[in-house]
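Student: Structure supplied as coords-v4.cif; contents: mmCIF, C-alpha atoms.
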data_my_file
#
loop_
_atom_site.label_atom_id
_atom_site.label_comp_id
_atom_site.auth_asym_id
_atom_site.auth_seq_id
_atom_site.Cartn_x
_atom_site.Cartn_y
_atom_site.Cartn_z
CA MET A 1 -26.93 19.12 49.31
CA PRO A 2 -25.30 22.47 50.09
CA GLY A 3 -22.57 23.39 47.66
CA VAL A 4 -23.68 20.93 44.95
CA LYS A 5 -24.56 22.34 41.53
CA TYR A 6 -26.43 20.36 38.91
CA VAL A 7 -27.39 21.10 35.31
CA PHE A 8 -29.97 19.46 33.04
CA HIS A 9 -29.66 19.73 29.29
CA GLU A 10 -31.80 18.49 26.47
CA GLU A 11 -30.43 15.41 24.81
CA GLY A 12 -29.68 15.78 21.15
CA ILE A 13 -27.06 16.74 18.63
CA GLY A 14 -26.35 20.45 18.48
CA LEU A 15 -24.00 22.62 16.54
CA ARG A 16 -21.20 22.32 19.08
CA GLU A 17 -21.51 18.52 19.27
CA LEU A 18 -21.46 18.22 15.47
CA LEU A 19 -18.52 20.54 14.84
CA ALA A 20 -16.52 19.96 18.02
CA SER A 21 -13.02 18.52 17.82
CA ASP A 22 -11.13 16.42 20.34
CA GLU A 23 -9.47 19.56 21.70
CA ALA A 24 -10.88 21.95 24.29
CA PRO A 25 -13.36 24.64 23.15
CA PHE A 26 -10.77 27.31 23.92
CA SER A 27 -7.18 26.41 23.11
CA LEU A 28 -4.21 28.72 22.71
CA GLY A 29 -0.56 27.92 22.05
CA VAL A 30 2.59 29.79 23.07
CA VAL A 31 5.27 28.92 20.52
CA SER A 32 8.96 29.34 21.31
CA GLU A 33 12.15 27.38 20.85
CA ASP A 34 12.90 27.94 24.54
CA PRO A 35 10.29 25.92 26.48
CA VAL A 36 11.14 27.64 29.77
CA GLN A 37 10.49 31.03 28.19
CA ALA A 38 7.27 29.77 26.59
CA PHE A 39 6.11 28.39 29.93
CA ALA A 40 6.79 31.73 31.66
CA VAL A 41 4.76 33.61 29.03
CA ALA A 42 1.97 31.02 29.29
CA GLU A 43 1.82 31.44 33.07
CA GLU A 44 1.62 35.23 32.74
CA LEU A 45 -1.07 34.94 30.07
CA MET A 46 -3.00 32.46 32.18
CA ARG A 47 -2.88 34.81 35.17
CA ARG A 48 -4.40 37.60 33.06
CA LEU A 49 -7.04 35.39 31.45
CA THR A 50 -8.44 34.32 34.82
CA GLU A 51 -10.28 37.65 34.88
CA ASP A 52 -12.19 36.78 31.69
CA GLN A 53 -15.87 36.16 32.42
CA PHE A 54 -16.24 33.93 29.34
CA ILE A 55 -13.42 31.51 30.22
CA GLU A 56 -13.40 28.96 33.03
CA ASP A 57 -11.27 26.01 34.16
CA LEU A 58 -8.03 27.31 32.70
CA GLN A 59 -5.32 24.68 32.41
CA ILE A 60 -1.76 24.82 31.18
CA ASP A 61 0.54 22.11 29.91
CA ARG A 62 2.92 21.07 32.68
CA VAL A 63 5.94 20.89 30.43
CA ILE A 64 8.28 21.79 33.29
CA GLY A 65 8.81 19.10 35.90
CA THR A 66 9.52 19.35 39.62
CA PRO A 67 12.75 21.08 40.70
CA ASN A 68 15.83 18.87 40.71
CA LEU A 69 19.21 19.33 42.32
CA VAL A 70 21.91 19.01 39.69
CA VAL A 71 25.46 18.15 40.78
CA ARG A 72 28.33 19.11 38.50
CA LEU A 73 31.94 18.24 39.24
CA ASP A 74 34.72 20.76 38.90
CA ALA A 75 36.98 18.46 36.90
CA GLU A 76 40.00 20.79 36.96
CA GLU A 77 39.93 21.15 40.75
CA VAL A 78 39.48 17.40 41.17
CA ILE A 79 42.49 16.58 39.01
CA ARG A 80 44.55 19.32 40.66
CA SER A 81 43.93 17.67 44.05
CA GLY A 82 45.15 14.31 42.77
CA LEU A 83 41.73 12.70 42.64
CA SER A 84 39.64 11.34 39.81
CA PRO A 85 36.12 12.52 38.92
CA GLU A 86 34.88 8.93 39.21
CA ARG A 87 36.08 8.68 42.82
CA VAL A 88 34.46 11.98 43.84
CA ALA A 89 31.15 10.98 42.20
CA ARG A 90 31.34 7.55 43.88
CA GLU A 91 32.03 9.09 47.29
CA LEU A 92 29.01 11.41 46.99
CA ARG A 93 26.78 8.58 45.81
CA ASN A 94 27.92 6.30 48.63
CA ARG A 95 27.14 8.95 51.25
CA ILE A 96 23.59 9.45 49.99
CA SER A 97 22.58 6.12 48.44
CA GLY A 98 25.01 4.02 50.42
CA VAL A 99 27.33 1.21 49.41
CA GLU A 100 26.55 -2.45 49.60
CA ALA A 101 28.87 -3.95 52.25
CA THR A 102 27.62 -7.51 52.54
CA THR A 103 24.56 -9.71 52.28
CA PHE A 104 22.60 -11.67 54.80
CA ASP A 105 21.35 -15.00 53.56
CA GLU A 106 18.35 -16.74 54.99
CA VAL A 107 16.64 -19.89 53.87
CA ASP A 108 14.33 -18.29 51.32
CA GLN A 109 15.66 -14.76 50.82
CA ARG A 110 18.77 -12.67 50.47
CA ILE A 111 19.07 -9.31 52.18
CA ASP A 112 21.58 -6.68 51.02
CA ILE A 113 23.26 -4.69 53.77
CA ALA A 114 24.36 -1.13 52.79
CA VAL A 115 26.44 1.38 54.71
CA ARG A 116 25.65 5.08 54.45
CA ILE A 117 25.55 8.19 56.60
CA ALA A 118 22.83 8.79 59.15
CA ARG A 119 19.33 9.62 57.97
CA ASP A 120 19.28 13.18 59.29
CA GLN A 121 22.55 13.92 57.51
CA ARG A 122 21.45 12.07 54.39
CA ARG A 123 18.33 14.20 54.07
CA ASP A 124 20.34 17.39 54.53
CA MET A 125 22.23 18.12 51.33
CA ALA A 126 24.44 20.68 53.03
CA ALA A 127 25.50 18.11 55.66
CA ALA A 128 26.15 15.49 52.99
CA LEU A 129 28.35 17.90 51.04
CA ASN A 130 30.30 18.79 54.20
CA ALA A 131 31.42 15.18 54.58
CA PRO A 132 35.21 14.92 54.25
CA ILE A 133 37.09 13.24 51.44
CA LYS A 134 40.73 12.20 51.72
CA LEU A 135 43.17 13.66 49.19
CA ALA A 136 46.27 12.00 47.80
CA SER A 137 48.40 14.13 50.14
CA GLY A 138 46.62 12.63 53.14
CA GLU A 139 44.68 15.69 54.22
CA THR A 140 40.89 15.85 54.11
CA VAL A 141 38.65 18.52 52.64
CA PRO A 142 34.85 18.79 52.35
CA ILE A 143 33.47 17.13 49.26
CA ARG A 144 31.69 20.35 48.38
CA SER A 145 35.07 21.79 47.35
CA PHE A 146 34.79 19.86 44.08
CA ILE A 147 31.06 20.26 43.44
CA GLN A 148 28.85 22.93 41.84
CA LEU A 149 25.25 22.54 43.00
CA SER A 150 22.33 24.11 41.11
CA GLU A 151 18.56 23.75 40.94
CA GLU A 152 16.88 23.08 37.59
CA ARG A 153 13.37 22.26 36.39
CA PRO A 154 13.62 19.58 33.70
CA LEU A 155 11.25 19.21 30.77
CA ARG A 156 8.50 16.66 31.22
CA GLU A 157 6.93 16.70 27.76
CA LEU A 158 6.73 18.97 24.74
CA THR A 159 3.91 19.70 22.32
CA ARG A 160 5.04 20.55 18.82
CA ARG A 161 3.29 22.31 15.98
CA ASN A 162 5.02 22.49 12.61
CA GLN A 163 8.21 21.26 14.30
CA GLN A 164 8.11 24.13 16.82
CA ARG A 165 7.87 23.77 20.59
CA MET A 166 4.58 24.96 22.04
CA VAL A 167 2.92 25.26 25.45
CA MET A 168 -0.86 24.88 25.36
CA ILE A 169 -3.46 26.77 27.41
CA THR A 170 -6.93 25.22 27.38
CA SER A 171 -10.24 26.05 29.01
CA ASP A 172 -14.00 25.79 28.68
CA LEU A 173 -16.36 28.60 27.68
CA GLN A 174 -19.20 29.91 29.79
CA GLY A 175 -21.86 32.57 29.26
CA GLY A 176 -20.55 33.81 25.92
CA SER A 177 -19.45 32.93 22.44
CA MET A 178 -16.03 31.95 21.23
CA ASP A 179 -15.66 35.25 19.37
CA GLU A 180 -16.21 37.21 22.59
CA ALA A 181 -13.61 35.13 24.40
CA TRP A 182 -11.04 35.64 21.65
CA GLN A 183 -11.75 39.37 21.55
CA HIS A 184 -10.80 39.53 25.21
CA VAL A 185 -7.69 37.46 24.48
CA GLY A 186 -6.71 39.96 21.79
CA THR A 187 -7.08 42.80 24.28
CA VAL A 188 -4.89 40.95 26.80
CA LEU A 189 -2.22 40.17 24.19
CA SER A 190 -2.10 43.79 23.05
CA GLY A 191 -1.13 44.76 26.60
CA MET A 192 1.67 42.19 26.85
CA ASN A 193 5.25 42.67 25.70
CA LEU A 194 6.14 39.27 24.29
CA PRO A 195 9.84 38.33 24.33
CA PRO A 196 11.62 37.93 20.97
CA GLY A 197 10.92 34.58 19.36
CA VAL A 198 7.64 34.02 21.22
CA ARG A 199 4.32 34.12 19.41
CA ILE A 200 0.72 33.17 20.13
CA VAL A 201 -1.23 30.82 17.86
CA GLU A 202 -4.88 29.83 17.84
CA SER A 203 -5.76 26.21 18.29
CA GLY A 204 -8.65 23.96 19.22
CA GLU A 205 -12.14 24.65 17.91
CA ARG A 206 -11.13 28.17 16.91
CA ARG A 207 -8.58 26.82 14.44
CA GLU A 208 -11.06 24.27 13.11
CA MET A 209 -13.69 26.98 12.66
CA LEU A 210 -11.33 29.29 10.77
CA GLN A 211 -10.23 26.40 8.57
CA SER A 212 -13.87 25.58 7.83
CA PHE A 213 -14.55 29.22 6.94
CA ARG A 214 -11.61 29.22 4.51
CA ASP A 215 -12.79 25.98 2.90
CA LEU A 216 -16.35 27.29 2.56
CA ALA A 217 -15.08 30.56 1.09
CA TRP A 218 -13.29 28.58 -1.61
CA ALA A 219 -16.45 26.51 -2.12
CA MET A 220 -18.48 29.69 -2.53
CA LEU A 221 -16.00 31.07 -5.06
CA LEU A 222 -16.06 27.79 -6.95
CA ALA A 223 -19.88 27.82 -6.96
CA VAL A 224 -19.95 31.32 -8.46
CA LEU A 225 -17.44 30.31 -11.16
CA LEU A 226 -19.36 27.18 -12.04
CA VAL A 227 -22.64 29.09 -12.26
CA TYR A 228 -21.03 31.67 -14.53
CA MET A 229 -19.44 29.02 -16.77
CA ILE A 230 -22.69 27.09 -17.18
CA LEU A 231 -24.67 30.24 -17.96
CA ALA A 232 -22.04 31.49 -20.39
CA ALA A 233 -22.21 28.19 -22.27
CA GLN A 234 -26.01 28.18 -22.22
CA PHE A 235 -26.55 31.79 -23.34
CA GLU A 236 -23.43 31.90 -25.56
CA SER A 237 -22.68 35.29 -24.05
CA PHE A 238 -20.30 36.73 -21.46
CA VAL A 239 -22.46 39.73 -20.57
CA ASP A 240 -25.78 38.12 -19.65
CA PRO A 241 -24.22 35.68 -17.13
CA LEU A 242 -22.61 38.67 -15.43
CA LEU A 243 -26.02 40.32 -15.18
CA ILE A 244 -27.39 37.18 -13.57
CA ALA A 245 -24.43 36.85 -11.22
CA SER A 246 -24.88 40.46 -10.11
CA VAL A 247 -27.72 39.33 -7.85
CA LEU A 248 -25.29 37.27 -5.76
CA PRO A 249 -23.98 40.22 -3.67
CA ILE A 250 -27.60 41.12 -2.95
CA GLY A 251 -28.23 37.59 -1.73
CA VAL A 252 -25.18 37.71 0.54
CA ALA A 253 -26.32 41.06 1.95
CA GLY A 254 -29.81 39.66 2.59
CA ALA A 255 -28.40 36.63 4.37
CA LEU A 256 -26.17 38.78 6.60
CA LEU A 257 -29.10 41.08 7.35
CA ALA A 258 -31.30 38.14 8.37
CA VAL A 259 -28.60 36.74 10.68
CA THR A 260 -28.05 40.16 12.27
CA VAL A 261 -31.73 40.91 12.82
CA THR A 262 -32.37 37.52 14.44
CA GLY A 263 -29.38 37.91 16.76
CA GLY A 264 -27.43 35.03 15.26
CA SER A 265 -23.81 34.73 14.26
CA ILE A 266 -21.91 33.66 11.19
CA ASN A 267 -20.96 30.03 11.63
CA VAL A 268 -20.23 27.02 9.48
CA LEU A 269 -23.88 26.14 8.89
CA SER A 270 -24.83 29.69 7.94
CA MET A 271 -21.98 29.62 5.43
CA ILE A 272 -23.31 26.34 4.02
CA GLY A 273 -26.75 27.93 3.76
CA MET A 274 -25.22 30.89 1.95
CA VAL A 275 -23.60 28.59 -0.63
CA ALA A 276 -26.96 26.89 -1.18
CA MET A 277 -28.73 30.24 -1.38
CA LEU A 278 -26.41 31.43 -4.17
CA GLY A 279 -27.59 28.58 -6.37
CA ILE A 280 -31.25 29.37 -5.66
CA ALA A 281 -31.01 33.15 -5.93
CA VAL A 282 -29.95 33.18 -9.59
CA ASN A 283 -33.05 31.30 -10.71
CA ASP A 284 -35.26 34.40 -10.87
CA ALA A 285 -32.70 36.34 -12.89
CA ILE A 286 -32.19 33.40 -15.24
CA ILE A 287 -35.91 33.14 -15.93
CA LYS A 288 -36.32 36.84 -16.59
CA ILE A 289 -33.23 37.35 -18.78
CA ASP A 290 -33.95 34.19 -20.77
CA THR A 291 -37.43 35.49 -21.53
CA MET A 292 -36.07 38.89 -22.59
CA ARG A 293 -33.58 37.24 -24.94
CA ARG A 294 -36.26 35.02 -26.43
CA LEU A 295 -38.68 37.90 -27.05
CA ARG A 296 -35.96 40.03 -28.63
CA GLY A 297 -35.02 37.05 -30.80
CA GLN A 298 -38.61 36.96 -32.03
CA GLY A 299 -38.27 40.54 -33.24
CA MET A 300 -39.73 42.46 -30.33
CA GLU A 301 -38.19 45.84 -29.52
CA GLY A 302 -35.90 46.04 -26.51
CA PRO A 303 -38.05 48.17 -24.18
CA GLN A 304 -41.15 46.21 -25.04
CA ALA A 305 -39.33 42.90 -24.52
CA ILE A 306 -38.20 44.00 -21.04
CA LEU A 307 -41.70 45.06 -20.00
CA THR A 308 -43.34 41.98 -21.46
CA ALA A 309 -40.83 39.59 -19.86
CA SER A 310 -41.23 41.31 -16.50
CA ARG A 311 -45.00 40.97 -16.70
CA LEU A 312 -44.97 37.35 -17.91
CA ARG A 313 -42.47 36.13 -15.28
CA LEU A 314 -43.73 38.09 -12.30
CA ARG A 315 -46.10 35.39 -11.06
CA PRO A 316 -43.70 32.40 -11.57
CA ILE A 317 -40.90 34.28 -9.77
CA LEU A 318 -43.09 35.19 -6.82
CA MET A 319 -44.55 31.68 -6.58
CA THR A 320 -41.20 29.83 -6.67
CA SER A 321 -39.60 32.20 -4.18
CA ALA A 322 -42.61 32.13 -1.87
CA THR A 323 -42.75 28.33 -1.79
CA THR A 324 -39.04 28.11 -0.98
CA ILE A 325 -39.25 30.75 1.77
CA LEU A 326 -42.39 29.23 3.31
CA ALA A 327 -40.79 25.79 3.32
CA MET A 328 -37.85 27.19 5.29
CA ILE A 329 -39.93 28.96 7.95
CA PRO A 330 -40.40 25.87 10.20
CA MET A 331 -36.66 25.30 10.16
CA ALA A 332 -36.02 28.97 10.92
CA ILE A 333 -38.37 28.85 13.92
CA GLY A 334 -36.33 25.96 15.30
CA ILE A 335 -39.05 23.64 16.52
CA GLY A 336 -37.84 20.38 18.04
CA SER A 337 -34.37 18.94 18.42
CA GLY A 338 -31.54 20.04 16.20
CA GLU A 339 -32.62 23.67 16.02
CA GLN A 340 -28.99 24.76 16.35
CA LEU A 341 -28.35 23.07 13.03
CA GLN A 342 -31.53 24.17 11.25
CA ARG A 343 -31.91 27.85 12.14
CA PRO A 344 -28.63 29.26 10.72
CA LEU A 345 -29.13 27.30 7.51
CA ALA A 346 -32.74 28.39 7.05
CA LEU A 347 -32.25 32.03 8.06
CA THR A 348 -29.50 32.64 5.50
CA ILE A 349 -31.58 31.11 2.71
CA ILE A 350 -34.71 33.05 3.68
CA GLY A 351 -32.93 36.39 4.06
CA GLY A 352 -30.92 36.10 0.87
CA LEU A 353 -33.79 34.80 -1.25
CA PHE A 354 -36.26 37.38 0.07
CA LEU A 355 -34.03 40.32 -0.78
CA THR A 356 -32.97 39.00 -4.19
CA THR A 357 -36.60 38.34 -5.15
CA LEU A 358 -37.66 41.87 -4.31
CA LEU A 359 -34.74 43.55 -6.04
CA THR A 360 -34.55 41.22 -9.04
CA LEU A 361 -37.94 42.48 -10.19
CA TYR A 362 -36.39 45.94 -10.75
CA TYR A 363 -32.64 45.37 -10.57
CA THR A 364 -32.23 42.80 -13.35
CA PRO A 365 -34.31 44.62 -16.04
CA LEU A 366 -32.47 47.86 -15.32
CA LEU A 367 -29.03 46.24 -15.66
CA TYR A 368 -30.13 44.42 -18.82
CA GLN A 369 -31.26 47.70 -20.35
CA ILE A 370 -28.00 49.45 -19.45
CA ALA A 371 -25.74 46.57 -20.56
CA HIS A 372 -27.42 46.19 -23.96
CA ARG A 373 -27.79 49.98 -24.41
CA ILE A 374 -31.52 49.79 -24.89
CA ARG A 375 -33.12 53.19 -25.06
CA ARG A 376 -36.67 54.01 -24.23
CA PRO A 377 -38.85 55.01 -27.16
CA GLU A 378 -39.29 58.74 -27.45
CA SER A 379 -42.86 59.86 -26.80
#
Could you write out this file's structure as structure tokens?
Tutor:
Amino acid sequence: MPGVKYVFHEEGIGLRELLASDEAPFSLGVVSEDPVQAFAVAEELMRRLTEDQFIEDLQIDRVIGTPNLVVRLDAEEVIRSGLSPERVARELRNRISGVEATTFDEVDQRIDIAVRIARDQRRDMAAALNAPIKLASGETVPIRSFIQLSEERPLRELTRRNQQRMVMITSDLQGGSMDEAWQHVGTVLSGMNLPPGVRIVESGERREMLQSFRDLAWAMLLAVLLVYMILAAQFESFVDPLLIASVLPIGVAGALLAVTVTGGSINVLSMIGMVAMLGIAVNDAIIKIDTMRRLRGQGMEGPQAILTASRLRLRPILMTSATTILAMIPMAIGIGSGEQLQRPLALTIIGGLFLTTLLTLYYTPLLYQIAHRIRRPES
């Protein structure tokens, strides 16, 4: 049918489905104690974000209701004229809503009969306010003489975050990543002059993603500390565990390089893969340094122990690393359903382990020689 668009997608659980929250993919909050001011800033921001090619279906919280006419009595003028505020309010109400005069009773129902001004006058606020009211002196004046009329937009509902009022802007993403959308938002915000007391906060999946990154960063730090503590207790040394842990930055660099070359991005699963890779990457350094320590403990000279350990452990290091990397290749290719979950995890492990394996063969013996001040024998 003309004008109808349809989309087919492969059924399965992807990265977005696994990590998505109940909120919209793109969610932004305008925080201010004045909801009217926050709503005005949100409307201006929404108008500018409509030009973003990565954002569609923008919606804003309707915290402000429909316009209402608010009637306020001038109490001093009412009292000065010898009237009471209750009488003036009752007169205005009777002219618009009417006053029940009598009832008409039938066999099975009761009908109230009200008296009020004509419909055309009742629907015209100016005409209703021009209706006369009798003063105590006997003269009549328009009822508008005692009334201040204004138009206001009342609050419908308020969203709060940390006990602060907030107006939410939500939308879906199309044709780009969340980082690209937020980069455009940062450009738009830099060109806006926000009123005092108004600030912009990230929400939705963006907030969940940043929170996950912070949690995984702490997990990575804890993993490094635990690895160091276990190695320090095993080797009964503070220097050798540092030499082993020195391969960790190389592993991180290899993982980032693999993600960049393959056109991926750093997400929660790639961070999980990086944490797992850190535990695997130290194995080669542990094997080599442990062999060097054992040979030196048997009385072998330092340079000879380094060369012998490197030769003895070359094949085991290459075999263990190769089997791990080859086992990850099918996941990195992303065959079948769930490739959004498998590829980032596998790519970080492959990239980090590949680089650490290559450099550990030369990097670890060199650091061990420098740290223990082992000199080469003079020829």
Student: Between atom CA of A:Gly279 and atom CA of A:Leu216, what is the spacing in Å?
Tutor: 14.4 Å
Student: Could you check which of A:Ser27, A:Ser321, A:Asn283, A:Thr360 is closest to A:Leu173, using all atoms listed in the file?
Tutor: A:Ser27
Student: Identify the residues within 12 Å of coordinate (-0.6, 29.7, 35.9) (same frame as the file), considering all atoms listed in the file, and give the answer as number ranges by chain.
Tutor: A: 39-50, 57-62, 167-170
Student: May I ask which of the residues A:Gln342, A:Thr323, A:Asn68, A:Ser137 is the closest one to A:Phe354, counting all atoms listed in the file?
Tutor: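 Nearest candidate to A:Phe354 out of A:Gln342, A:Thr323, A:Asn68, A:Ser137: A:Thr323.
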Student: A:Met292, A:Phe238, A:Val36, A:Val201: which is nearest A:Leu189, counting only C-alpha atoms?
Tutor: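 Going through A:Met292, A:Phe238, A:Val36, A:Val201 one by one, the smallest distance to A:Leu189 is for A:Val201.
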Student: Written as a list in words, what is the full residue list that the PyMOL selection byres ((chain A and resi 255) around 6) yields on the file shown?
Tutor: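 After applying the PyMOL selection byres ((chain A and resi 255) around 6), what remains is Val252, Ala253, Gly254, Leu256, Leu257, Ala258, Thr348, Gly351 and Gly352 of chain A.
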Student: Could those selected residues go to a file with C-alpha atoms, as a PDB file, in the frame of the given file?
Tutor:
ATOM      1  CA  VAL A 252     -25.180  37.710   0.540  1.00  0.00           C
ATOM      2  CA  ALA A 253     -26.320  41.060   1.950  1.00  0.00           C
ATOM      3  CA  GLY A 254     -29.810  39.660   2.590  1.00  0.00           C
ATOM      4  CA  LEU A 256     -26.170  38.780   6.600  1.00  0.00           C
ATOM      5  CA  LEU A 257     -29.100  41.080   7.350  1.00  0.00           C
ATOM      6  CA  ALA A 258     -31.300  38.140   8.370  1.00  0.00           C
ATOM      7  CA  THR A 348     -29.500  32.640   5.500  1.00  0.00           C
ATOM      8  CA  GLY A 351     -32.930  36.390   4.060  1.00  0.00           C
ATOM      9  CA  GLY A 352     -30.920  36.100   0.870  1.00  0.00           C
TER      10      GLY A 352
END
Student: One decimal, in Å: what's the spacing between atom CA of A:Leu135 and atom CA of A:Val78?
Tutor: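 So the two atoms, atom CA of A:Leu135 and atom CA of A:Val78, lie 9.6 Å apart.
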Student: Using all atoms listed in the file, determine which residues lie at most 8 Å from A:Pro142, disregarding the query and same-chain residues fewer than 3 positions distant; provide the list as a PDB file with C-alpha atoms, in the frame of the given file.
Tutor:
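Below is the file result05.pdb, written as the result:
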ATOM      1  CA  LEU A 129      28.350  17.900  51.040  1.00  0.00           C
ATOM      2  CA  ASN A 130      30.300  18.790  54.200  1.00  0.00           C
ATOM      3  CA  ALA A 131      31.420  15.180  54.580  1.00  0.00           C
ATOM      4  CA  PRO A 132      35.210  14.920  54.250  1.00  0.00           C
ATOM      5  CA  ILE A 133      37.090  13.240  51.440  1.00  0.00           C
ATOM      6  CA  SER A 145      35.070  21.790  47.350  1.00  0.00           C
TER       7      SER A 145
END
Student: For the atom pair atom CA of A:Trp182 and atom CA of A:Gln163, what is the interatomic distance in Å to one decimal place?
Tutor: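 Interatomic distance, atom CA of A:Trp182 to atom CA of A:Gln163: 25.1 Å.
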Student: Can you tell me, as a tab-separated table (two decimals) with C-alpha atoms, keeping the file's coordinate frame, what residues are no more than 7 Å from A:Val268 when counting only C-alpha atoms, ignoring any on the same chain fewer than 4 positions away?
Tutor:
chain	number	residue	atom	x	y	z
A	212	SER	CA	-13.87	25.58	7.83
A	213	PHE	CA	-14.55	29.22	6.94
A	272	ILE	CA	-23.31	26.34	4.02
